[in-house]
Each structure stands twice: as C-alpha cells, then as structure tokens.
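The structure file run_4.cif is reproduced below (mmCIF, C-alpha atoms).
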data_entry
loop_
_atom_site.label_atom_id
_atom_site.label_comp_id
_atom_site.auth_asym_id
_atom_site.auth_seq_id
_atom_site.Cartn_x
_atom_site.Cartn_y
_atom_site.Cartn_z
CA MET A 294 -39.74 -65.68 -24.67
CA HIS A 295 -36.55 -66.24 -26.72
CA ALA A 296 -33.17 -65.21 -25.35
CA HIS A 297 -30.89 -63.15 -27.57
CA PRO A 298 -27.78 -65.19 -28.54
CA THR A 299 -25.41 -62.54 -27.20
CA ALA A 300 -27.31 -61.86 -24.00
CA THR A 301 -25.49 -62.49 -20.74
CA PRO A 302 -26.67 -65.53 -18.80
CA ARG A 303 -29.61 -64.81 -16.55
CA PRO A 304 -29.20 -65.38 -12.85
CA PRO A 305 -30.75 -68.54 -11.41
CA SER A 306 -34.49 -68.30 -10.93
CA TYR A 307 -34.27 -69.22 -7.26
CA THR A 308 -31.91 -66.83 -5.56
CA PRO A 309 -31.53 -67.24 -1.78
CA LEU A 310 -33.75 -64.20 -1.37
CA ARG A 311 -36.52 -65.67 -3.48
CA ARG A 312 -36.16 -69.03 -1.78
CA GLY A 313 -36.54 -67.27 1.58
CA VAL A 314 -39.62 -65.41 0.39
CA ARG A 315 -41.19 -68.59 -0.96
CA ALA A 316 -40.35 -70.48 2.23
CA GLY A 317 -41.76 -67.71 4.43
CA LEU A 318 -44.95 -67.41 2.42
CA SER A 319 -45.40 -71.17 2.45
CA LEU A 320 -45.95 -70.89 6.19
CA VAL A 321 -48.97 -68.61 5.83
CA PRO A 322 -51.62 -71.38 5.56
CA GLY A 323 -50.27 -72.92 8.76
CA ILE A 324 -49.29 -70.10 11.07
CA GLY A 325 -51.97 -67.66 9.87
CA PRO A 326 -54.93 -69.58 11.33
CA LEU A 327 -52.87 -70.55 14.38
CA GLY A 328 -52.03 -66.91 15.05
CA VAL A 329 -55.66 -65.86 14.66
CA ALA A 330 -56.78 -68.63 17.02
CA LEU A 331 -54.16 -67.59 19.56
CA GLY A 332 -55.28 -63.97 19.24
CA VAL A 333 -58.85 -64.97 19.96
CA ALA A 334 -57.73 -66.97 23.01
CA LEU A 335 -55.62 -64.07 24.30
CA GLY A 336 -58.56 -61.71 23.78
CA ASP A 337 -60.61 -63.77 26.23
CA LEU A 338 -58.12 -63.10 29.01
CA SER A 339 -58.15 -60.12 31.34
CA VAL A 340 -54.70 -58.94 30.22
CA ASP A 341 -54.53 -55.61 28.38
CA GLY A 342 -55.02 -56.19 24.65
CA THR A 343 -52.00 -54.15 23.60
CA ILE A 344 -49.68 -56.13 25.85
CA ALA A 345 -51.25 -59.38 24.67
CA TRP A 346 -50.54 -58.37 21.07
CA LEU A 347 -47.01 -57.20 21.89
CA SER A 348 -46.23 -60.73 23.01
CA ALA A 349 -46.38 -61.79 19.34
CA PRO A 350 -43.52 -59.65 17.99
CA LEU A 351 -41.53 -59.83 21.27
CA LEU A 352 -41.80 -63.57 21.99
CA THR A 353 -42.80 -65.04 18.60
CA ALA A 354 -43.67 -68.34 20.24
CA GLY A 355 -47.35 -69.20 20.58
CA SER A 356 -47.22 -71.66 23.47
CA SER A 357 -45.17 -69.37 25.68
CA GLN A 358 -47.38 -66.39 24.80
CA LEU A 359 -50.40 -68.34 25.98
CA VAL A 360 -48.58 -69.51 29.11
CA LEU A 361 -47.43 -66.00 29.99
CA MET A 362 -50.76 -64.30 29.46
CA GLY A 363 -52.67 -67.17 31.07
CA GLN A 364 -50.51 -66.95 34.17
CA LEU A 365 -51.00 -63.19 34.39
CA HIS A 366 -54.73 -63.68 33.89
CA HIS A 367 -54.82 -66.04 36.86
CA GLY A 368 -52.94 -63.59 39.04
CA ALA A 369 -49.39 -64.94 38.96
CA GLY A 370 -46.53 -62.53 39.67
CA PRO A 371 -44.48 -61.12 36.80
CA MET A 372 -41.35 -63.10 37.69
CA ALA A 373 -43.16 -66.43 37.99
CA ALA A 374 -45.12 -65.88 34.79
CA ALA A 375 -42.00 -64.86 32.87
CA ALA A 376 -40.04 -67.83 34.22
CA LEU A 377 -42.73 -70.26 33.09
CA ALA A 378 -42.82 -68.67 29.65
CA VAL A 379 -39.05 -68.94 29.31
CA LEU A 380 -39.16 -72.55 30.47
CA THR A 381 -41.72 -73.29 27.76
CA ASN A 382 -39.21 -72.01 25.23
CA SER A 383 -36.32 -74.13 26.47
CA ARG A 384 -36.31 -76.15 23.24
CA PHE A 385 -34.88 -73.10 21.49
CA VAL A 386 -31.55 -73.84 23.18
CA LEU A 387 -31.29 -76.95 21.04
CA TYR A 388 -32.33 -75.16 17.87
CA GLY A 389 -29.86 -72.36 18.53
CA ALA A 390 -27.03 -74.79 19.27
CA ALA A 391 -27.84 -76.82 16.17
CA LEU A 392 -27.73 -73.67 14.04
CA ALA A 393 -24.55 -72.31 15.66
CA ASP A 394 -22.23 -73.37 12.84
CA ARG A 395 -24.50 -71.63 10.33
CA PHE A 396 -24.15 -68.41 12.32
CA THR A 397 -20.36 -68.59 12.39
CA GLY A 398 -18.73 -66.08 10.07
CA GLN A 399 -21.91 -64.08 9.59
CA PRO A 400 -21.96 -60.28 9.99
CA ALA A 401 -22.61 -58.92 13.47
CA TRP A 402 -26.04 -57.56 12.60
CA PHE A 403 -27.18 -61.02 11.56
CA ARG A 404 -25.69 -62.75 14.59
CA TRP A 405 -27.52 -60.33 16.91
CA LEU A 406 -30.87 -60.11 15.13
CA ALA A 407 -31.40 -63.51 13.57
CA PRO A 408 -31.62 -65.52 16.83
CA HIS A 409 -34.97 -63.82 17.46
CA PHE A 410 -36.29 -65.68 14.42
CA VAL A 411 -35.18 -69.11 15.69
CA VAL A 412 -38.50 -70.95 16.04
CA ASP A 413 -39.81 -74.41 15.15
CA GLN A 414 -40.76 -73.35 11.63
CA THR A 415 -37.56 -71.53 10.69
CA TYR A 416 -35.42 -74.31 12.12
CA GLY A 417 -37.44 -76.84 10.13
CA LEU A 418 -37.14 -74.77 6.96
CA ALA A 419 -33.39 -74.27 7.36
CA SER A 420 -32.89 -77.98 8.00
CA SER A 421 -35.03 -79.26 5.17
CA ARG A 422 -34.55 -76.67 2.42
CA LEU A 423 -30.85 -75.84 2.68
CA ALA A 424 -27.89 -78.17 2.22
CA ALA A 425 -25.38 -78.21 5.07
CA ASP A 426 -22.61 -76.90 2.80
CA GLU A 427 -24.49 -73.88 1.47
CA PRO A 428 -22.34 -70.71 1.60
CA PRO A 429 -22.94 -68.42 4.62
CA ALA A 430 -24.43 -65.71 2.39
CA VAL A 431 -27.05 -68.11 1.06
CA PHE A 432 -28.06 -69.18 4.55
CA ARG A 433 -28.12 -65.56 5.71
CA SER A 434 -30.47 -64.41 2.95
CA PHE A 435 -32.73 -67.43 3.28
CA PHE A 436 -32.97 -67.35 7.07
CA ALA A 437 -33.30 -63.56 7.41
CA VAL A 438 -36.05 -63.30 4.81
CA SER A 439 -38.06 -66.35 5.84
CA GLY A 440 -37.69 -65.47 9.53
CA PHE A 441 -38.72 -61.86 9.01
CA LEU A 442 -41.76 -62.91 6.99
CA LEU A 443 -42.78 -65.40 9.66
CA TRP A 444 -42.40 -62.70 12.32
CA VAL A 445 -44.60 -60.27 10.37
CA ILE A 446 -47.24 -62.87 9.49
CA TRP A 447 -47.39 -64.09 13.07
CA SER A 448 -47.69 -60.60 14.54
CA VAL A 449 -50.41 -59.60 12.08
CA SER A 450 -52.43 -62.80 12.49
CA VAL A 451 -52.37 -62.58 16.30
CA GLY A 452 -53.52 -58.97 15.99
CA VAL A 453 -56.34 -60.01 13.66
CA GLY A 454 -57.45 -62.63 16.18
CA LEU A 455 -57.44 -60.10 19.01
CA LEU A 456 -59.49 -57.61 17.00
CA ALA A 457 -61.86 -60.08 15.38
CA GLY A 458 -62.32 -62.29 18.44
CA PRO A 459 -65.74 -60.92 19.41
CA ILE A 460 -67.24 -61.76 16.00
CA LEU A 461 -65.60 -65.17 15.56
CA PRO A 462 -67.07 -68.48 16.81
CA ALA A 463 -66.38 -69.17 20.46
CA GLN A 464 -64.72 -72.52 19.74
CA LEU A 465 -62.31 -72.52 16.82
CA PRO A 466 -61.28 -75.97 15.49
CA LEU A 467 -57.78 -75.76 16.96
CA GLU A 468 -57.18 -79.49 16.63
CA PHE A 469 -56.68 -79.03 12.89
CA VAL A 470 -54.63 -75.87 13.08
CA LEU A 471 -51.43 -77.41 14.44
CA PRO A 472 -51.31 -80.28 11.92
CA ALA A 473 -52.00 -77.71 9.21
CA MET A 474 -49.04 -75.68 10.39
CA PHE A 475 -46.70 -78.67 10.29
CA LEU A 476 -48.06 -79.68 6.90
CA GLY A 477 -47.16 -76.18 5.81
CA LEU A 478 -43.59 -77.01 6.80
CA ILE A 479 -43.44 -80.36 5.05
CA VAL A 480 -45.46 -79.98 1.86
CA PRO A 481 -43.58 -77.10 0.22
CA GLY A 482 -40.32 -79.03 0.68
CA LEU A 483 -41.51 -81.94 -1.42
CA ARG A 484 -39.65 -82.06 -4.71
CA THR A 485 -40.65 -85.33 -6.34
CA GLY A 486 -43.85 -87.25 -6.85
CA ARG A 487 -42.44 -90.12 -4.83
CA GLU A 488 -41.86 -87.84 -1.84
CA ALA A 489 -45.42 -86.55 -2.12
CA LEU A 490 -46.71 -90.11 -2.34
CA ALA A 491 -44.78 -91.00 0.81
CA VAL A 492 -46.39 -88.16 2.73
CA VAL A 493 -49.90 -88.94 1.42
CA PHE A 494 -49.48 -92.64 2.19
CA GLY A 495 -48.13 -92.04 5.69
CA GLY A 496 -50.73 -89.39 6.47
CA ALA A 497 -53.60 -91.51 5.18
CA LEU A 498 -52.53 -94.50 7.23
CA THR A 499 -52.28 -92.30 10.31
CA LEU A 500 -55.81 -91.01 9.84
CA VAL A 501 -57.33 -94.38 8.91
CA GLY A 502 -55.61 -96.32 11.68
CA ALA A 503 -57.45 -96.39 14.95
CA GLY A 504 -56.04 -96.40 18.45
CA PRO A 505 -52.82 -95.19 19.96
CA LEU A 506 -50.58 -96.86 17.38
CA ALA A 507 -52.00 -94.90 14.44
CA VAL A 508 -49.23 -92.31 14.65
CA VAL A 509 -46.57 -95.00 14.73
CA ALA A 510 -48.13 -96.75 11.73
CA GLY A 511 -48.17 -93.51 9.77
CA ALA A 512 -44.60 -92.68 10.68
CA LEU A 513 -43.35 -96.14 9.74
CA ALA A 514 -45.28 -96.05 6.47
CA PHE A 515 -43.76 -92.69 5.64
CA ALA A 516 -40.30 -93.93 6.52
CA ALA A 517 -40.71 -97.04 4.37
CA ALA A 518 -42.07 -95.10 1.41
CA SER A 519 -39.39 -92.46 1.75
CA SER A 520 -36.52 -94.90 2.03
CA ALA A 521 -37.73 -96.68 -1.11
CA ARG A 522 -36.84 -93.54 -3.03
CA PRO A 523 -33.90 -94.10 -5.39
CA ALA A 524 -30.69 -92.41 -4.24
CA ALA A 525 -30.31 -90.70 -7.61
CA ALA A 526 -33.59 -88.89 -7.12
CA ARG A 527 -32.43 -87.26 -3.89
CA SER A 528 -31.34 -83.68 -4.14
CA MET B 262 -47.35 -52.32 34.30
CA SER B 263 -46.51 -55.64 35.88
CA ALA B 264 -47.84 -57.40 32.78
CA LEU B 265 -45.50 -55.37 30.59
CA ALA B 266 -42.60 -56.14 32.93
CA ALA B 267 -43.39 -59.84 32.75
CA LEU B 268 -43.53 -59.68 28.96
CA LEU B 269 -40.19 -57.90 28.72
CA LEU B 270 -38.60 -60.37 31.13
CA ALA B 271 -39.95 -63.31 29.15
CA ALA B 272 -38.78 -61.75 25.88
CA ALA B 273 -35.29 -61.18 27.26
CA GLY B 274 -35.11 -64.72 28.62
CA THR B 275 -36.33 -66.22 25.37
CA TYR B 276 -33.83 -64.21 23.34
CA ALA B 277 -31.10 -65.47 25.65
CA LEU B 278 -32.18 -69.06 25.06
CA ARG B 279 -32.22 -68.55 21.31
CA GLY B 280 -29.18 -66.38 20.98
CA LEU B 281 -26.75 -67.33 23.70
CA SER B 282 -26.45 -70.90 22.54
CA THR B 283 -25.55 -69.78 19.04
CA PHE B 284 -22.98 -67.31 20.39
CA VAL B 285 -21.53 -69.66 22.99
CA PHE B 286 -21.11 -72.49 20.52
CA GLN B 287 -19.58 -70.15 17.96
CA VAL B 288 -16.91 -69.05 20.40
CA HIS B 289 -16.20 -72.55 21.65
CA ALA B 290 -16.33 -74.63 18.49
CA LEU B 291 -17.98 -77.94 19.19
CA PRO B 292 -16.51 -81.28 18.15
CA VAL B 293 -18.24 -82.50 15.01
CA SER B 294 -19.85 -85.42 16.80
CA VAL B 295 -21.36 -83.21 19.51
CA ALA B 296 -22.63 -80.74 16.92
CA THR B 297 -24.20 -83.61 15.00
CA ILE B 298 -25.93 -84.93 18.11
CA LEU B 299 -27.26 -81.46 18.91
CA ARG B 300 -28.60 -81.09 15.38
CA LEU B 301 -30.27 -84.49 15.57
CA ALA B 302 -31.69 -83.76 19.01
CA ALA B 303 -33.24 -80.58 17.65
CA LEU B 304 -34.81 -82.60 14.86
CA GLY B 305 -36.10 -85.02 17.47
CA VAL B 306 -37.75 -82.17 19.35
CA LEU B 307 -39.37 -81.05 16.12
CA GLY B 308 -40.50 -84.62 15.43
CA SER B 309 -42.03 -84.84 18.89
CA LEU B 310 -43.91 -81.61 18.29
CA VAL B 311 -45.27 -83.01 15.03
CA ALA B 312 -46.43 -86.20 16.75
CA ALA B 313 -48.00 -84.30 19.64
CA SER B 314 -49.91 -82.07 17.22
CA LEU B 315 -51.63 -84.91 15.39
CA PRO B 316 -55.33 -85.29 16.21
CA VAL B 317 -54.93 -89.02 16.74
CA ALA B 318 -52.15 -88.66 19.32
CA PRO B 319 -53.19 -90.63 22.40
CA THR B 320 -52.62 -87.80 24.85
CA ALA B 321 -52.94 -84.06 24.53
CA GLY B 322 -49.93 -81.84 24.97
CA ILE B 323 -46.28 -82.78 25.07
CA ASP B 324 -45.12 -85.28 27.62
CA GLY B 325 -41.53 -84.64 28.65
CA LEU B 326 -40.60 -88.31 28.85
CA ALA B 327 -42.13 -89.12 25.48
CA SER B 328 -40.33 -86.15 23.95
CA MET B 329 -37.06 -87.41 25.36
CA VAL B 330 -37.62 -90.81 23.77
CA GLY B 331 -38.41 -89.09 20.47
CA VAL B 332 -35.20 -87.09 20.67
CA LEU B 333 -33.14 -90.20 21.48
CA ALA B 334 -34.75 -92.10 18.61
CA ALA B 335 -33.84 -89.28 16.22
CA ILE B 336 -30.25 -89.26 17.49
CA VAL B 337 -29.90 -93.03 17.09
CA ALA B 338 -31.42 -92.91 13.61
CA GLY B 339 -29.28 -89.95 12.61
CA ARG B 340 -26.09 -91.80 13.49
CA ARG B 341 -27.03 -94.41 10.90
CA THR B 342 -28.47 -92.37 8.06
CA THR B 343 -28.34 -88.84 6.69
CA ASN B 344 -31.83 -89.15 5.20
CA LEU B 345 -33.63 -86.26 6.88
CA PRO B 346 -37.19 -87.62 6.48
CA LEU B 347 -36.11 -90.87 8.10
CA VAL B 348 -34.55 -89.03 11.04
CA MET B 349 -37.69 -86.94 11.47
CA CYS B 350 -39.83 -90.08 11.29
CA ALA B 351 -37.71 -91.68 13.99
CA GLY B 352 -38.45 -88.65 16.18
CA VAL B 353 -42.17 -88.88 15.45
CA GLY B 354 -42.23 -92.65 15.92
CA GLY B 355 -40.17 -92.58 19.11
CA TYR B 356 -42.45 -89.98 20.63
CA ALA B 357 -45.60 -91.82 19.57
CA VAL B 358 -44.47 -95.19 20.92
CA ALA B 359 -43.46 -93.69 24.27
CA ASP B 360 -46.65 -91.63 24.43
CA ALA B 361 -48.82 -94.67 23.69
CA ALA B 362 -46.94 -96.72 26.30
CA LEU B 363 -47.38 -94.00 28.91
CA ALA B 364 -51.09 -93.72 28.08
CA LEU B 365 -51.50 -97.48 28.62
CA LEU B 366 -49.59 -97.38 31.89
CA ARG B 367 -51.79 -94.58 33.21
#
For this file, write the structure as structure tokens.
Amino acid sequence: MHAHPTATPRPPSYTPLRRGVRAGLSLVPGIGPLGVALGVALGDLSVDGTIAWLSAPLLTAGSSQLVLMGQLHHGAGPMAAAALAVLTNSRFVLYGAALADRFTGQPAWFRWLAPHFVVDQTYGLASSRLAADEPPAVFRSFFAVSGFLLWVIWSVSVGVGLLAGPILPAQLPLEFVLPAMFLGLIVPGLRTGREALAVVFGGALTLVGAGPLAVVAGALAFAAASSARPAAARS
Amino acid sequence: MSALAALLLAAAGTYALRGLSTFVFQVHALPVSVATILRLAALGVLGSLVAASLPVAPTAGIDGLASMVGVLAAIVAGRRTTNLPLVMCAGVGGYAVADAALALLR
C-alpha cells in the first residue's frame, strides 16, 4: 500500500493499547492450560463448583485458589482457610510495592481497580516490556488491557477445566504447564535473534544437564549469552 | 455458605496485599534506593518461581529459604547492573543453588 504524499502521518503501529492486547494474548498458551488443569483439580474436590469457579475471578491466583479450596475440602474453618490463602499470596506485597511509582498520578479508577490484576504474569510483563520512564498513560493502557485479558482468560480456562474435568484424563501433565506459562512470559519479549539464542542455549543446557545443578548451569549459560549482547542492540 | 465466606475473606485479604502496598507507598514516597531494592526483590521472587517451576528443579514446590536466597541474589545483581535478564538470572540461579544445597543437606 502506498501512502498519499499529503496524508497525515499514521499513528505508531504499536499503541499502548495494542501492546497490552498483544502482551495479554501472549499469555494464553501458558495460563490457558494451567487454568484448565486447575479447574480439573478443583472439580475433584467436594467444594461447590460455582464457588470453586468464583475463586478464579475473585482471587486470580492459582496456588491460593488451590490452597483455599483444598483446605475447605479437608474440613478447615473459613477463617483458617482464608488466612492460608492470603498467606500464599504474600508475594503480591512486593509486586505492589515495586509497582507503586507506576500507580502514582494515575486516575482513581485505575488505582482502585488495577491492583486486582497484580499477579506474577502482569508484573513480569510490566517489568520486561515497558521502560521505567514510560508516561503514566502508556503504563495505564498497557497494564489495564493486559491485566483484564489475563483475568478473563484465567476465569474462562478454570471454568472450562471445571466443566470438562469428567471427560479429561485423570492425570494431566502439570509438570510442563508451569514452565510453559513462564516461557509464555519470556518468549514474546524477545526482540533480537541473539536474545532468542540466549534463551534457547540456556534452556537446552538446563534440560540436557543432569542433577541438581542443571538449573544453575542453564541460568549461568543464559546470563553469559545475554551479557554478550552488544549494548547498541539493547532497546 | 461458609465456603463462600472463606472465598470472600481470602479475596479481600488478597486485594489488600496487592492494593494497600501500592497506595501506602504512593502516599509515603519511598527513597529511590528503597524503591529499587523492592523492585529487585520482586524480580527475585519471580526468578525463584521460574526456578521452582522447572521440571529439573531438585525439590518440588517453593522453599522459603531458597526463595530468600534468590531474592537476595537478584538484589545484589541489580545493584551492579540494570540488565533485566541478568537480574532475573541471578534470582533463578540464587534459588537453584540454595535449593540444591538444601536438598543435599536433607
């Protein structure tokens, strides 16, 4: 397509809104299967299915959902079960504090609603995809859209797991779901071939290496490959 | 009914954890160094989660002590470099080393 010489300049292809949508959708391959697996697990418990599903939109934190429903399943009292679930989510204090400066100067609706979307994935996205000096409006659009998408995808996938549990295999391969989720965080943020090579190299070494030091070897390999990247190539 | 009450309590508590820290630290502006350490600590937590999720991790689940080492490693690394992948790797590596050491000790 050829632009007319007198046409006004087109806006950038990647507006904050579009970046948020792309970031949110990039999480689907990771959190989709995880949500389904969690739904299946929750469906096996004696807790009412509607309440089990409600935990997805209200808590939006898989581990604490499982803790809460598991405790109720085993007969714990509401206070004790809720306290354990909240304790499981204590890491969110750090995420919230780390994002505090990004929330400063935002409209009230955002400051009240957006904290609900503070989870591992959205914190990772905001840290890796946005520069620290981005204007507040850019952060607001990106975080609100990606967080809302994550919330919807998570709620739907947990619901699918609850409904489809009886026809799914009894043992889902959960050991691959969590790494897939974190890969979903890392891979879409890669911008250069060298970055991709660093991830492939580090990941391969982790998988090939045997024993307890395999993770360390992979992490060190990734760090070495990443640090070898020329400064000019960094965005 | 008690299950619904527990869910609402947990949701309120979790919102408080997520939201109060952002509000509190907005009202009382943190010194830059403290804010930096908090940001790096959060990255360390994320790094520890990544390490704990890997199929080759020596132990299942997240060990509190190993996570703490991962967080500290990310903070130390972050004071020396602004390269985000390196800081994350320090979190992953710190967690993995501590986790492996704990597994050997047990």
Residues matched by the PyMOL selection byres ((chain A and resi 446) around 10) as a ChimeraX atom specification:
/A:317-318,320-321,324-325,328,349-350,440-445,447-452
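If you measure from each of B:Ala335, B:Leu363, B:Leu347, B:Leu310 to chain A using all atoms listed in the file, the closest one turns out to be B:Leu347.
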The distance between atom CA of Trp402 of chain A and atom CA of Gly389 of chain A is 16.4 Å
For Gly305 of chain B, find every residue with an atom within 7 Å (counting only C-alpha atoms), except residues of its own chain fewer than 4 positions away, and show them as an mmCIF file with C-alpha atoms, in the frame of the given file.
data_model
loop_
_atom_site.group_PDB
_atom_site.id
_atom_site.type_symbol
_atom_site.label_atom_id
_atom_site.label_comp_id
_atom_site.auth_asym_id
_atom_site.auth_seq_id
_atom_site.Cartn_x
_atom_site.Cartn_y
_atom_site.Cartn_z
ATOM 1 C CA LEU B 301 -30.270 -84.490 15.570
ATOM 2 C CA SER B 309 -42.030 -84.840 18.890
ATOM 3 C CA GLY B 331 -38.410 -89.090 20.470
ATOM 4 C CA VAL B 332 -35.200 -87.090 20.670
ATOM 5 C CA ALA B 335 -33.840 -89.280 16.220
ATOM 6 C CA MET B 349 -37.690 -86.940 11.470
ATOM 7 C CA GLY B 352 -38.450 -88.650 16.180
#
Just want the 9 Å neighbourhood of Thr415 of chain A, counted on only C-alpha atoms, with same-chain residues fewer than 2 positions away dropped. Output as a CSV table (one decimal) with C-alpha atoms, in the frame of the given file.
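See result_12.csv below for the written result:
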chain,number,residue,atom,x,y,z
A,316,ALA,CA,-40.4,-70.5,2.2
A,317,GLY,CA,-41.8,-67.7,4.4
A,410,PHE,CA,-36.3,-65.7,14.4
A,411,VAL,CA,-35.2,-69.1,15.7
A,412,VAL,CA,-38.5,-71.0,16.0
A,413,ASP,CA,-39.8,-74.4,15.2
A,417,GLY,CA,-37.4,-76.8,10.1
A,418,LEU,CA,-37.1,-74.8,7.0
A,419,ALA,CA,-33.4,-74.3,7.4
A,420,SER,CA,-32.9,-78.0,8.0
A,436,PHE,CA,-33.0,-67.4,7.1
A,439,SER,CA,-38.1,-66.4,5.8
A,440,GLY,CA,-37.7,-65.5,9.5
A,443,LEU,CA,-42.8,-65.4,9.7
Nearest to Asp341 of chain A by atom-to-atom distance, counting only C-alpha atoms, from A:His366, A:Ser319, A:Ser434, A:Ser357
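Closest candidate: A:His366.
Picked by the PyMOL selection byres ((chain A and resi 368-381) around 8) from the coordinates shown: Ser356, Ser357, Gln358, Val360, Leu361, Met362, Gln364, Leu365, His366, His367, Asn382, Ser383 and Arg384 of chain A; Ser263, Ala264, Ala266, Ala267, Leu268, Leu270, Ala271, Ala272, Gly274 and Thr275 of chain B.
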Nearest residue to chain A out of B:Ala364, B:Leu299, B:Val348, B:Ala359, using only C-alpha atoms?
B:Leu299
What does the distance between atom CA of Pro429 of chain A and atom CA of Leu387 of chain A come to in Å, to one decimal place?
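Separation of atom CA of Pro429 of chain A and atom CA of Leu387 of chain A: 20.3 Å.
Of the listed residues (A:Pro408, A:Gly458, A:Gly363, A:Gly486), A:Pro408 comes nearest to chain B; the distances count only C-alpha atoms.
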In Å and to one decimal, atom CA of Arg433 of chain A is distant from atom CA of Gly398 of chain A by 10.4 Å
Residue list as an mmCIF file with C-alpha atoms, in the frame of the given file for point (-40.5, -90.2, 30.6), cut-off 12 Å, only C-alpha atoms:
data_model
loop_
_atom_site.group_PDB
_atom_site.id
_atom_site.type_symbol
_atom_site.label_atom_id
_atom_site.label_comp_id
_atom_site.auth_asym_id
_atom_site.auth_seq_id
_atom_site.Cartn_x
_atom_site.Cartn_y
_atom_site.Cartn_z
ATOM 1 C CA ILE B 323 -46.280 -82.780 25.070
ATOM 2 C CA ASP B 324 -45.120 -85.280 27.620
ATOM 3 C CA GLY B 325 -41.530 -84.640 28.650
ATOM 4 C CA LEU B 326 -40.600 -88.310 28.850
ATOM 5 C CA ALA B 327 -42.130 -89.120 25.480
ATOM 6 C CA SER B 328 -40.330 -86.150 23.950
ATOM 7 C CA MET B 329 -37.060 -87.410 25.360
ATOM 8 C CA VAL B 330 -37.620 -90.810 23.770
ATOM 9 C CA GLY B 331 -38.410 -89.090 20.470
ATOM 10 C CA VAL B 332 -35.200 -87.090 20.670
ATOM 11 C CA LEU B 333 -33.140 -90.200 21.480
ATOM 12 C CA GLY B 355 -40.170 -92.580 19.110
ATOM 13 C CA TYR B 356 -42.450 -89.980 20.630
ATOM 14 C CA VAL B 358 -44.470 -95.190 20.920
ATOM 15 C CA ALA B 359 -43.460 -93.690 24.270
ATOM 16 C CA ASP B 360 -46.650 -91.630 24.430
ATOM 17 C CA ALA B 361 -48.820 -94.670 23.690
ATOM 18 C CA ALA B 362 -46.940 -96.720 26.300
ATOM 19 C CA LEU B 363 -47.380 -94.000 28.910
ATOM 20 C CA ALA B 364 -51.090 -93.720 28.080
ATOM 21 C CA LEU B 366 -49.590 -97.380 31.890
#
